[in-house]
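Okay, structure.txt is below, compact mmCIF, C-alpha atoms and all ligand atoms:
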```
# COMPACT_ATOMS: atom_id res chain seq x y z
CA MET A 1 -98.33 -135.70 -58.29
CA ALA A 2 -98.82 -134.56 -54.74
CA ARG A 3 -95.22 -133.98 -53.84
CA LYS A 4 -92.21 -133.56 -56.01
CA THR A 5 -88.95 -134.81 -54.60
CA ARG A 6 -85.40 -133.95 -55.52
CA LYS A 7 -85.07 -133.28 -59.24
CA THR A 8 -82.44 -135.38 -60.94
CA ARG A 9 -79.53 -133.19 -61.94
CA LYS A 10 -78.66 -133.29 -65.61
CA ARG A 11 -74.97 -133.91 -65.15
CA LEU A 12 -75.30 -137.31 -63.50
CA LYS A 13 -73.58 -140.15 -65.33
CA PRO A 14 -75.73 -142.48 -67.46
CA ALA A 15 -75.54 -145.39 -64.98
CA THR A 16 -76.96 -143.11 -62.26
CA GLN A 17 -79.63 -141.66 -64.54
CA LEU A 18 -80.73 -145.17 -65.44
CA VAL A 19 -81.59 -145.75 -61.79
CA HIS A 20 -82.74 -142.31 -60.60
CA GLY A 21 -83.61 -140.26 -63.70
CA GLY A 22 -87.12 -138.84 -63.89
CA ILE A 23 -88.40 -140.11 -60.53
CA GLU A 24 -91.36 -138.14 -59.21
CA ARG A 25 -92.50 -139.34 -55.79
CA SER A 26 -96.05 -139.15 -54.47
CA GLN A 27 -97.02 -138.05 -50.95
CA PHE A 28 -96.14 -141.56 -49.73
CA GLY A 29 -92.45 -141.24 -50.56
CA GLU A 30 -92.27 -144.60 -52.27
CA ASN A 31 -88.76 -145.66 -53.23
CA ALA A 32 -89.63 -147.68 -56.34
CA GLU A 33 -91.33 -145.78 -59.14
CA ALA A 34 -95.10 -145.66 -58.62
CA LEU A 35 -97.45 -147.30 -61.08
CA PHE A 36 -100.32 -144.92 -61.78
CA LEU A 37 -102.85 -147.25 -63.34
CA THR A 38 -105.41 -144.56 -64.13
CA GLN A 39 -107.00 -143.36 -67.34
CA SER A 40 -108.19 -140.02 -66.08
CA PHE A 41 -107.51 -137.43 -63.39
CA VAL A 42 -109.89 -135.58 -61.10
CA TYR A 43 -109.79 -131.77 -60.92
CA ASP A 44 -110.28 -129.61 -57.85
CA SER A 45 -112.81 -127.49 -59.73
CA ALA A 46 -114.46 -126.95 -63.09
CA GLU A 47 -112.21 -123.92 -63.51
CA GLN A 48 -109.14 -126.09 -63.05
CA ALA A 49 -110.37 -128.59 -65.67
CA ALA A 50 -110.91 -125.73 -68.11
CA ALA A 51 -107.45 -124.29 -67.37
CA ARG A 52 -105.79 -127.67 -68.01
CA PHE A 53 -107.56 -128.07 -71.33
CA GLU A 54 -106.62 -124.54 -72.33
CA GLY A 55 -103.00 -125.30 -71.49
CA LYS A 56 -102.97 -122.51 -68.91
CA GLU A 57 -102.24 -124.87 -66.02
CA PRO A 58 -99.83 -127.81 -66.15
CA GLY A 59 -101.13 -131.20 -65.06
CA PHE A 60 -102.50 -134.46 -66.29
CA ILE A 61 -105.77 -134.69 -68.23
CA TYR A 62 -106.15 -138.13 -69.76
CA ALA A 63 -103.80 -141.10 -70.21
CA ARG A 64 -103.88 -140.91 -74.01
CA PHE A 65 -102.15 -137.51 -73.61
CA ALA A 66 -99.88 -138.23 -70.62
CA ASN A 67 -99.66 -140.31 -67.44
CA PRO A 68 -97.30 -139.87 -64.46
CA THR A 69 -95.62 -143.29 -64.81
CA VAL A 70 -95.21 -142.84 -68.56
CA ALA A 71 -93.83 -139.35 -67.92
CA MET A 72 -91.18 -140.79 -65.57
CA PHE A 73 -90.12 -143.25 -68.26
CA GLU A 74 -89.98 -140.46 -70.87
CA GLU A 75 -87.90 -138.26 -68.58
CA ARG A 76 -85.45 -141.07 -67.78
CA MET A 77 -85.01 -141.76 -71.50
CA ARG A 78 -84.61 -138.04 -72.21
CA LEU A 79 -81.85 -137.66 -69.65
CA LEU A 80 -80.10 -140.79 -70.83
CA GLU A 81 -80.15 -139.75 -74.48
CA GLY A 82 -79.35 -136.08 -73.82
CA ALA A 83 -82.42 -135.01 -75.81
CA GLU A 84 -84.61 -131.95 -75.30
CA ALA A 85 -87.76 -134.04 -75.26
CA ALA A 86 -88.99 -137.64 -75.32
CA ARG A 87 -92.38 -139.20 -76.00
CA ALA A 88 -93.25 -142.83 -75.38
CA THR A 89 -95.41 -144.98 -77.62
CA ALA A 90 -97.11 -148.38 -77.43
CA SER A 91 -94.44 -150.19 -79.46
CA GLY A 92 -91.30 -149.61 -81.47
CA MET A 93 -93.30 -149.64 -84.70
CA ALA A 94 -95.67 -147.02 -83.30
CA ALA A 95 -92.58 -144.87 -82.63
CA VAL A 96 -91.16 -145.38 -86.14
CA THR A 97 -94.51 -144.71 -87.84
CA ALA A 98 -95.34 -141.67 -85.71
CA SER A 99 -91.86 -140.17 -86.18
CA MET A 100 -92.55 -140.06 -89.93
CA LEU A 101 -96.29 -139.50 -90.25
CA CYS A 102 -96.32 -136.67 -87.71
CA HIS A 103 -94.36 -134.33 -89.98
CA LEU A 104 -94.54 -135.69 -93.55
CA ARG A 105 -97.27 -134.80 -95.99
CA ALA A 106 -98.27 -135.65 -99.58
CA GLY A 107 -95.57 -134.56 -102.02
CA ASP A 108 -92.71 -135.12 -99.56
CA HIS A 109 -89.89 -137.57 -100.23
CA VAL A 110 -88.01 -139.91 -97.89
CA VAL A 111 -84.58 -141.50 -98.40
CA ALA A 112 -83.98 -144.65 -96.37
CA ALA A 113 -81.38 -147.38 -96.17
CA LYS A 114 -82.45 -150.66 -97.78
CA ALA A 115 -81.28 -152.66 -94.80
CA LEU A 116 -84.24 -152.06 -92.52
CA PHE A 117 -86.26 -154.23 -90.17
CA GLY A 118 -89.12 -155.74 -92.26
CA SER A 119 -91.92 -153.64 -90.71
CA CYS A 120 -89.90 -150.41 -91.06
CA ARG A 121 -89.43 -151.22 -94.72
CA TYR A 122 -93.16 -151.73 -95.04
CA VAL A 123 -93.79 -148.25 -93.60
CA VAL A 124 -91.33 -146.59 -95.99
CA GLU A 125 -92.02 -148.67 -99.12
CA ASP A 126 -95.74 -149.45 -98.88
CA LEU A 127 -97.49 -147.29 -96.32
CA LEU A 128 -96.09 -143.80 -96.98
CA PRO A 129 -96.67 -143.95 -100.78
CA ARG A 130 -100.38 -144.56 -100.12
CA TYR A 131 -100.50 -141.02 -98.74
CA GLY A 132 -98.46 -139.49 -101.56
CA ILE A 133 -95.11 -139.62 -99.73
CA THR A 134 -92.52 -141.11 -102.07
CA SER A 135 -89.36 -142.90 -101.01
CA THR A 136 -86.00 -144.03 -102.37
CA LEU A 137 -84.07 -146.90 -100.83
CA VAL A 138 -80.28 -146.76 -100.93
CA ASP A 139 -77.31 -148.86 -99.90
CA GLY A 140 -76.82 -147.16 -96.55
CA THR A 141 -73.07 -147.71 -96.53
CA ASP A 142 -72.60 -145.75 -99.78
CA LEU A 143 -72.64 -142.01 -99.02
CA ASP A 144 -72.91 -141.12 -102.72
CA GLN A 145 -76.21 -142.99 -102.94
CA TRP A 146 -77.62 -140.89 -100.08
CA ARG A 147 -76.44 -137.72 -101.89
CA GLU A 148 -77.84 -138.73 -105.26
CA ALA A 149 -81.21 -139.87 -103.91
CA ARG A 150 -82.08 -136.39 -102.61
CA THR A 151 -84.76 -134.39 -104.44
CA PRO A 152 -86.08 -130.88 -103.78
CA ASP A 153 -88.90 -132.57 -101.84
CA THR A 154 -86.71 -134.69 -99.54
CA LYS A 155 -87.74 -134.04 -95.96
CA THR A 156 -86.48 -137.11 -94.12
CA PHE A 157 -83.62 -139.60 -94.07
CA PHE A 158 -84.26 -142.81 -92.15
CA LEU A 159 -81.83 -145.53 -91.11
CA GLU A 160 -81.04 -148.11 -88.48
CA THR A 161 -77.49 -148.91 -87.42
CA PRO A 162 -76.22 -151.52 -86.84
CA THR A 163 -78.73 -152.91 -89.29
CA ASN A 164 -81.11 -155.79 -88.71
CA PRO A 165 -79.96 -158.51 -89.29
CA THR A 166 -76.56 -158.22 -91.02
CA LEU A 167 -75.12 -155.61 -88.65
CA GLU A 168 -73.89 -153.14 -91.24
CA VAL A 169 -72.71 -149.98 -89.51
CA LEU A 170 -73.84 -146.72 -91.16
CA ASP A 171 -72.00 -143.43 -90.74
CA ILE A 172 -74.51 -141.32 -88.79
CA GLU A 173 -72.42 -138.13 -88.77
CA SER A 174 -71.82 -138.11 -92.54
CA ILE A 175 -75.39 -139.08 -93.41
CA ALA A 176 -76.76 -136.39 -91.07
CA GLY A 177 -74.54 -133.86 -92.89
CA ILE A 178 -75.91 -134.96 -96.29
CA ALA A 179 -79.50 -134.68 -95.00
CA HIS A 180 -78.91 -131.25 -93.48
CA GLU A 181 -77.45 -129.86 -96.73
CA VAL A 182 -80.98 -130.03 -98.19
CA GLY A 183 -82.82 -129.19 -94.97
CA ALA A 184 -83.94 -132.78 -94.33
CA ARG A 185 -84.07 -134.46 -90.92
CA LEU A 186 -82.25 -137.66 -90.06
CA ILE A 187 -84.25 -140.19 -88.02
CA VAL A 188 -82.15 -143.00 -86.51
CA ASP A 189 -83.63 -146.26 -85.27
CA ASN A 190 -81.12 -147.01 -82.50
CA VAL A 191 -82.61 -150.33 -81.40
CA PHE A 192 -79.64 -152.56 -82.12
CA ALA A 193 -77.08 -150.21 -80.60
CA THR A 194 -79.10 -149.15 -77.51
CA PRO A 195 -78.46 -145.79 -75.79
CA VAL A 196 -75.53 -147.45 -74.02
CA LEU A 197 -73.50 -148.16 -77.16
CA GLN A 198 -74.43 -145.31 -79.51
CA ARG A 199 -75.62 -141.72 -79.14
CA PRO A 200 -77.08 -140.59 -82.49
CA LEU A 201 -78.09 -137.08 -81.37
CA GLU A 202 -74.46 -136.27 -80.52
CA LEU A 203 -73.51 -137.47 -84.00
CA GLY A 204 -75.96 -135.06 -85.68
CA ALA A 205 -79.19 -137.08 -85.93
CA ASP A 206 -82.37 -135.07 -85.40
CA VAL A 207 -84.69 -137.77 -84.11
CA VAL A 208 -83.94 -141.09 -82.39
CA VAL A 209 -86.48 -143.89 -82.14
CA TYR A 210 -86.42 -147.06 -80.08
CA SER A 211 -88.27 -150.27 -79.77
CA ALA A 212 -87.97 -150.31 -75.96
CA THR A 213 -89.41 -153.82 -76.27
CA LYS A 214 -85.86 -155.03 -76.88
CA HIS A 215 -82.91 -154.19 -74.60
CA ILE A 216 -84.70 -151.50 -72.58
CA ASP A 217 -87.18 -154.00 -71.17
CA GLY A 218 -84.44 -156.58 -71.52
CA GLN A 219 -86.46 -159.40 -70.05
CA GLY A 220 -88.92 -160.05 -72.85
CA ARG A 221 -92.09 -158.87 -71.11
CA VAL A 222 -93.93 -155.95 -72.70
CA LEU A 223 -93.88 -153.70 -75.78
CA ALA A 224 -92.95 -150.02 -75.84
CA GLY A 225 -91.38 -147.39 -78.06
CA VAL A 226 -89.75 -143.98 -77.57
CA ILE A 227 -89.15 -140.97 -79.80
CA LEU A 228 -86.46 -138.44 -78.78
CA ALA A 229 -85.91 -135.11 -80.48
CA ASP A 230 -85.71 -131.37 -79.89
CA ASN A 231 -88.61 -129.40 -78.42
CA ALA A 232 -89.53 -127.92 -81.80
CA PHE A 233 -90.08 -131.35 -83.39
CA ILE A 234 -92.10 -132.62 -80.43
CA ASP A 235 -94.16 -129.44 -79.98
CA ASP A 236 -94.77 -128.63 -83.65
CA HIS A 237 -95.33 -132.14 -84.98
CA LEU A 238 -95.36 -135.09 -82.61
CA HIS A 239 -97.37 -133.85 -79.65
CA THR A 240 -100.64 -133.30 -81.50
CA PHE A 241 -100.18 -136.38 -83.68
CA LEU A 242 -99.81 -138.68 -80.64
CA ARG A 243 -102.55 -136.98 -78.69
CA GLN A 244 -105.09 -137.21 -81.49
CA THR A 245 -104.20 -140.60 -83.01
CA GLY A 246 -103.53 -142.41 -79.72
CA PRO A 247 -100.59 -144.87 -79.97
CA SER A 248 -100.04 -144.26 -76.23
CA LEU A 249 -97.92 -146.39 -73.94
CA SER A 250 -99.76 -148.08 -71.07
CA ALA A 251 -98.69 -147.06 -67.56
CA PHE A 252 -97.99 -150.66 -66.67
CA ASN A 253 -95.64 -151.10 -69.62
CA ALA A 254 -93.90 -147.82 -68.79
CA TRP A 255 -93.36 -149.08 -65.24
CA VAL A 256 -91.81 -152.30 -66.56
CA MET A 257 -89.53 -150.20 -68.77
CA LEU A 258 -88.45 -148.01 -65.85
CA LYS A 259 -87.35 -151.13 -63.99
CA GLY A 260 -85.69 -152.47 -67.15
CA LEU A 261 -83.69 -149.28 -67.57
CA GLU A 262 -82.13 -149.71 -64.12
CA THR A 263 -80.10 -152.65 -65.38
CA LEU A 264 -79.70 -151.63 -69.04
CA GLU A 265 -76.04 -150.66 -68.89
CA ILE A 266 -74.78 -153.73 -67.05
CA ARG A 267 -76.84 -156.04 -69.23
CA VAL A 268 -75.74 -154.49 -72.54
CA LYS A 269 -72.07 -154.45 -71.52
CA ARG A 270 -72.15 -158.06 -70.39
CA GLN A 271 -74.13 -159.17 -73.46
CA SER A 272 -71.68 -157.44 -75.85
CA GLU A 273 -68.69 -158.97 -74.08
CA THR A 274 -70.21 -162.43 -74.45
CA ALA A 275 -71.17 -161.69 -78.07
CA ALA A 276 -67.57 -160.74 -78.89
CA LEU A 277 -66.35 -164.08 -77.47
CA LEU A 278 -69.00 -166.07 -79.33
CA ALA A 279 -68.34 -164.26 -82.62
CA ASP A 280 -64.70 -165.34 -82.51
CA ARG A 281 -65.61 -168.88 -81.55
CA LEU A 282 -68.15 -169.10 -84.39
CA ALA A 283 -65.67 -167.70 -86.93
CA ASP A 284 -63.31 -170.59 -86.09
CA HIS A 285 -65.92 -173.30 -86.59
CA LYS A 286 -65.69 -175.27 -89.82
CA LYS A 287 -69.48 -175.32 -90.30
CA VAL A 288 -69.68 -171.52 -90.24
CA GLN A 289 -69.25 -169.82 -93.57
CA ARG A 290 -69.22 -166.19 -92.49
CA VAL A 291 -69.62 -164.14 -89.32
CA TYR A 292 -70.97 -160.58 -89.24
CA TYR A 293 -69.90 -158.84 -86.04
CA PRO A 294 -68.88 -155.14 -85.89
CA GLY A 295 -66.28 -155.87 -83.19
CA ARG A 296 -64.22 -158.12 -85.45
CA PRO A 297 -61.50 -156.65 -87.71
CA ASP A 298 -62.97 -158.60 -90.67
CA HIS A 299 -66.20 -156.56 -90.43
CA PRO A 300 -66.36 -154.07 -93.37
CA GLN A 301 -67.13 -151.13 -91.07
CA TYR A 302 -64.91 -152.17 -88.15
CA GLU A 303 -63.13 -148.79 -87.97
CA LEU A 304 -66.39 -146.83 -88.20
CA ALA A 305 -67.96 -148.98 -85.47
CA LYS A 306 -64.97 -148.28 -83.21
CA ARG A 307 -65.35 -144.53 -83.81
CA GLN A 308 -69.11 -144.30 -83.60
CA MET A 309 -70.01 -146.84 -80.94
CA ALA A 310 -68.96 -147.43 -77.34
CA GLY A 311 -68.96 -151.20 -77.96
CA PRO A 312 -69.78 -153.49 -80.87
CA SER A 313 -73.13 -155.30 -80.46
CA THR A 314 -75.12 -157.74 -78.41
CA LEU A 315 -76.10 -159.43 -81.69
CA ILE A 316 -74.17 -161.60 -84.10
CA ALA A 317 -75.21 -162.74 -87.58
CA PHE A 318 -73.60 -165.75 -89.24
CA GLU A 319 -74.01 -168.06 -92.19
CA VAL A 320 -74.13 -171.77 -91.60
CA LYS A 321 -72.80 -174.15 -94.24
CA GLY A 322 -75.57 -176.07 -96.00
CA GLY A 323 -77.96 -173.17 -96.70
CA ARG A 324 -81.43 -173.19 -95.17
CA LYS A 325 -81.20 -176.89 -94.29
CA GLY A 326 -77.95 -176.37 -92.40
CA ALA A 327 -79.36 -173.33 -90.60
CA PHE A 328 -82.61 -175.09 -89.62
CA ASN A 329 -80.76 -178.22 -88.47
CA MET A 330 -78.46 -176.15 -86.29
CA LEU A 331 -81.32 -174.18 -84.74
CA ASN A 332 -83.18 -177.40 -83.97
CA GLU A 333 -80.15 -178.82 -82.12
CA LEU A 334 -79.80 -175.89 -79.71
CA ARG A 335 -80.69 -176.63 -76.09
CA VAL A 336 -80.01 -173.36 -74.24
CA ILE A 337 -80.56 -170.76 -76.97
CA GLY A 338 -84.23 -170.35 -77.86
CA ILE A 339 -85.60 -170.06 -81.39
CA SER A 340 -87.34 -166.68 -81.38
CA ASN A 341 -87.46 -163.60 -83.58
CA ASN A 342 -87.17 -161.28 -80.56
CA LEU A 343 -83.89 -159.72 -79.41
CA GLY A 344 -82.29 -157.84 -76.54
CA ASP A 345 -83.61 -160.36 -74.00
CA ALA A 346 -81.77 -161.79 -70.97
CA LYS A 347 -82.31 -165.16 -72.68
CA SER A 348 -80.25 -165.82 -75.81
CA LEU A 349 -82.47 -166.05 -78.88
CA ILE A 350 -81.77 -167.08 -82.45
CA THR A 351 -83.74 -166.60 -85.65
CA HIS A 352 -83.58 -167.35 -89.37
CA PRO A 353 -84.36 -163.89 -90.81
CA SER A 354 -85.32 -164.95 -94.34
CA THR A 355 -88.22 -167.06 -93.03
CA THR A 356 -89.18 -164.83 -90.08
CA THR A 357 -88.35 -161.12 -89.62
CA HIS A 358 -87.64 -160.50 -93.31
CA GLN A 359 -90.00 -163.09 -94.72
CA ARG A 360 -92.23 -160.58 -96.53
CA LEU A 361 -89.36 -159.36 -98.76
CA SER A 362 -88.60 -161.12 -102.03
CA GLU A 363 -85.53 -163.37 -102.16
CA ALA A 364 -83.89 -160.80 -104.48
CA ALA A 365 -84.58 -157.93 -102.06
CA ARG A 366 -83.19 -159.97 -99.16
CA ARG A 367 -80.05 -160.85 -101.09
CA GLU A 368 -79.39 -157.17 -101.75
CA PHE A 369 -78.46 -156.78 -98.12
CA GLY A 370 -77.00 -160.15 -97.41
CA ILE A 371 -79.97 -162.09 -96.04
CA THR A 372 -79.27 -165.49 -97.52
CA GLN A 373 -81.01 -168.74 -96.64
CA ALA A 374 -77.89 -169.70 -94.68
CA LEU A 375 -78.01 -166.62 -92.42
CA VAL A 376 -79.02 -166.75 -88.76
CA ARG A 377 -79.16 -163.91 -86.23
CA LEU A 378 -78.22 -164.52 -82.62
CA SER A 379 -79.25 -162.17 -79.81
CA VAL A 380 -76.87 -162.86 -76.96
CA GLY A 381 -78.33 -163.02 -73.46
CA LEU A 382 -77.00 -163.16 -69.94
CA GLU A 383 -76.26 -166.87 -69.66
CA ASP A 384 -72.78 -168.11 -68.81
CA PRO A 385 -70.62 -167.59 -71.94
CA GLN A 386 -69.28 -171.14 -71.70
CA ASP A 387 -72.79 -172.66 -71.78
CA LEU A 388 -73.62 -170.57 -74.85
CA THR A 389 -70.37 -171.56 -76.57
CA ASP A 390 -71.03 -175.23 -75.84
CA ASP A 391 -74.61 -174.97 -77.09
CA LEU A 392 -73.54 -173.41 -80.40
CA VAL A 393 -70.56 -175.70 -80.93
CA ASN A 394 -72.58 -178.84 -80.12
CA ALA A 395 -75.32 -177.81 -82.55
CA LEU A 396 -72.82 -176.98 -85.32
CA ASP A 397 -70.91 -180.21 -84.71
CA THR A 398 -74.02 -182.26 -85.49
CA LEU A 399 -74.17 -180.88 -89.06
CA GLY A 400 -73.06 -183.50 -91.52
C1 LIG B 501 -84.69 -152.36 -85.72
C2 LIG B 501 -86.09 -152.48 -85.20
N1 LIG B 501 -86.90 -151.41 -85.24
C3 LIG B 501 -88.18 -151.48 -84.81
C4 LIG B 501 -88.70 -152.66 -84.32
C5 LIG B 501 -90.13 -152.70 -83.89
O1 LIG B 501 -90.31 -152.80 -82.51
P1 LIG B 501 -91.64 -153.32 -81.79
O2 LIG B 501 -91.68 -154.79 -81.97
O3 LIG B 501 -91.48 -152.87 -80.38
O4 LIG B 501 -92.80 -152.67 -82.47
C6 LIG B 501 -87.90 -153.79 -84.25
C7 LIG B 501 -88.46 -155.06 -83.75
O5 LIG B 501 -87.88 -156.12 -83.88
C8 LIG B 501 -86.55 -153.71 -84.70
O6 LIG B 501 -85.74 -154.77 -84.68
```
Rewritten as structure tokens:
Amino acid sequence: MARKTRKTRKRLKPATQLVHGGIERSQFGENAEALFLTQSFVYDSAEQAAARFEGKEPGFIYARFANPTVAMFEERMRLLEGAEAARATASGMAAVTASMLCHLRAGDHVVAAKALFGSCRYVVEDLLPRYGITSTLVDGTDLDQWREARTPDTKTFFLETPTNPTLEVLDIESIAGIAHEVGARLIVDNVFATPVLQRPLELGADVVVYSATKHIDGQGRVLAGVILADNAFIDDHLHTFLRQTGPSLSAFNAWVMLKGLETLEIRVKRQSETAALLADRLADHKKVQRVYYPGRPDHPQYELAKRQMAGPSTLIAFEVKGGRKGAFNMLNELRVIGISNNLGDAKSLITHPSTTTHQRLSEAARREFGITQALVRLSVGLEDPQDLTDDLVNALDTLG
């Protein structure tokens, strides 16, 4: 970049970092973050090109390695998370996959919670074993199972919390301690919590991954992922893996994410407040069998959620009476809330996990972590809470 402007100071509060963090201005002094839609960069001389490739001179080389707009997004995420380093990827799944493949090798062992997003489970259960990396799945809420699953080859623990879709809350600090006793790393998929509600690195996690596609974009536009860790992990493992295998984030998508981050905190706070209201309203409805919401005292990990998170969740899961038929009928009656498997959007979205996000698991595997045919998952948006309440109540009222 031609001209660097004021560096963001580290001690700024998260809301300020979300707006200003990582900005690098060009010679034009643009206020909004610039979109550098370029694959390559031109050097002043052949010597300069050689020096960049040798790593003797800092600077951009090729967009698969780094791009100024992507770098601004990475820096804003790094400041927000309080990490030493951040690297962006093309999607959340690219982040999850890279965070494991970049450092694991044949003979290594992974312990992961059973309650994972379907594609994450595929990576742990099906993909890694193809390359000789074995895995054990545990009930993430049971610390003894994490302890007992460890082998001399265990290199990585992997979990998401709150879990998708039943919103179990896992004890990051304790699980990190169990991983560290055997020299393993804990990778936390923090998608459901967002950086606003939960800070895994401060709780002892070693690596944090995001699908920025969700709340970080927040308006359902483009895909992105982020991996945050210490410099050693990024330099020794991730950097070369990303550079050579190429799951790079496009500059345009990084620019969308930078603008999404500006409003992340106010959106997540508002969405969790509305979710808390809706969870109580749903729990009172006679057609609702069970509500899963970490902000309600009837949630099994209510106390842990209060300790570990700055707020409960923008998502609610609940069981509708009448099994799959009841759930489908209710979804089909909704007028404001859209039927979609996405989440974290400004628009409220609802899905039936057993036939969508977790469809590839067997019924028995789904049942192990509470995904029944009656379960639906609601991602609460920014609409007026009363309109959302009315939409849900009207749809539930139509069930016979
Ligand atoms: C918990 C969790 N992790 C990872 C992902 C994958 O993200 P992406 O769709 O950006 O690849 C998702 C997507 O729904 C998710 O819910």
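Atom pair CA of Leu137 (chain A) / CA of Ala115 (chain A) has a distance of 8.8 Å (rounded to one decimal).
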Inset, instruction - For Gln301 (chain A), list every protein, DNA or RNA residue within 10 Å, evaluated using only C-alpha atoms, and leave out those in the same chain fewer than 2 positions away; present the list as a count of residues only. - result: 18
Dump as a tab-separated table the rows for residues of region 315-393 of chain A within 9 Å of region 187-209 of chain A: closest atom pair and distance in Å with one decimal, only C-alpha atoms counted, ordered by chain and rising residue number.
```
residue	atom	partner	partner_atom	distance
A:Leu315	CA	A:Phe192	CA	7.7
A:Leu343	CA	A:Phe192	CA	8.8
A:Gly344	CA	A:Phe192	CA	8.1
```
Inset, instruction - Provide the CA of Asn31 (chain A) to CA of Lys269 (chain A) distance in Å, to one decimal place. - result: 26.3 Å
Could you produce a table of the residues of chain A lying within 9 Å of ligand LIG 501 (chain B), with the nearest pair of atoms per residue and their separation in Å rounded to one decimal, using only C-alpha atoms and all ligand atoms, ordered by chain and increasing residue number, as CSV?
```
residue,atom,partner,partner_atom,distance
A:Ala90,CA,B:LIG501,O3,7.8
A:Ser91,CA,B:LIG501,O3,4.1
A:Gly92,CA,B:LIG501,O3,3.4
A:Met93,CA,B:LIG501,O4,3.8
A:Ala94,CA,B:LIG501,O4,6.4
A:Ala95,CA,B:LIG501,O4,7.8
A:Val96,CA,B:LIG501,C3,6.9
A:Leu116,CA,B:LIG501,C1,6.8
A:Phe117,CA,B:LIG501,C1,5.1
A:Gly118,CA,B:LIG501,C8,8.2
A:Ser119,CA,B:LIG501,C5,7.1
A:Cys120,CA,B:LIG501,C3,6.6
A:Glu160,CA,B:LIG501,C1,6.2
A:Thr161,CA,B:LIG501,C1,8.2
A:Pro162,CA,B:LIG501,C1,8.6
A:Thr163,CA,B:LIG501,C1,7.0
A:Asn164,CA,B:LIG501,C1,5.8
A:Pro165,CA,B:LIG501,O6,8.3
A:Asp189,CA,B:LIG501,N1,6.1
A:Asn190,CA,B:LIG501,C1,7.2
A:Val191,CA,B:LIG501,C1,5.2
A:Phe192,CA,B:LIG501,C1,6.2
A:Val209,CA,B:LIG501,N1,8.1
A:Tyr210,CA,B:LIG501,C3,6.7
A:Ser211,CA,B:LIG501,O3,4.2
A:Ala212,CA,B:LIG501,O3,6.2
A:Thr213,CA,B:LIG501,O3,4.7
A:Lys214,CA,B:LIG501,O3,7.0
A:Val222,CA,B:LIG501,O3,8.6
A:Leu223,CA,B:LIG501,O3,5.3
A:Ala224,CA,B:LIG501,O3,5.6
A:Gly225,CA,B:LIG501,O3,6.0
A:Asn341,CA,B:LIG501,O5,7.5
A:Asn342,CA,B:LIG501,O5,6.2
A:Leu343,CA,B:LIG501,O5,7.0
A:Thr357,CA,B:LIG501,O5,7.6
```
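The residue that comes closest to Gly21 (chain A), out of A:Arg76, A:Lys56, A:Lys286, A:Lys347 and on the basis of all atoms listed in the file, is A:Arg76.
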Legend entry - Counting all atoms listed in the file, the option among A:Gly323, A:Gly260, A:Pro312, A:Gly22 closest to Gln219 (chain A): A:Gly260
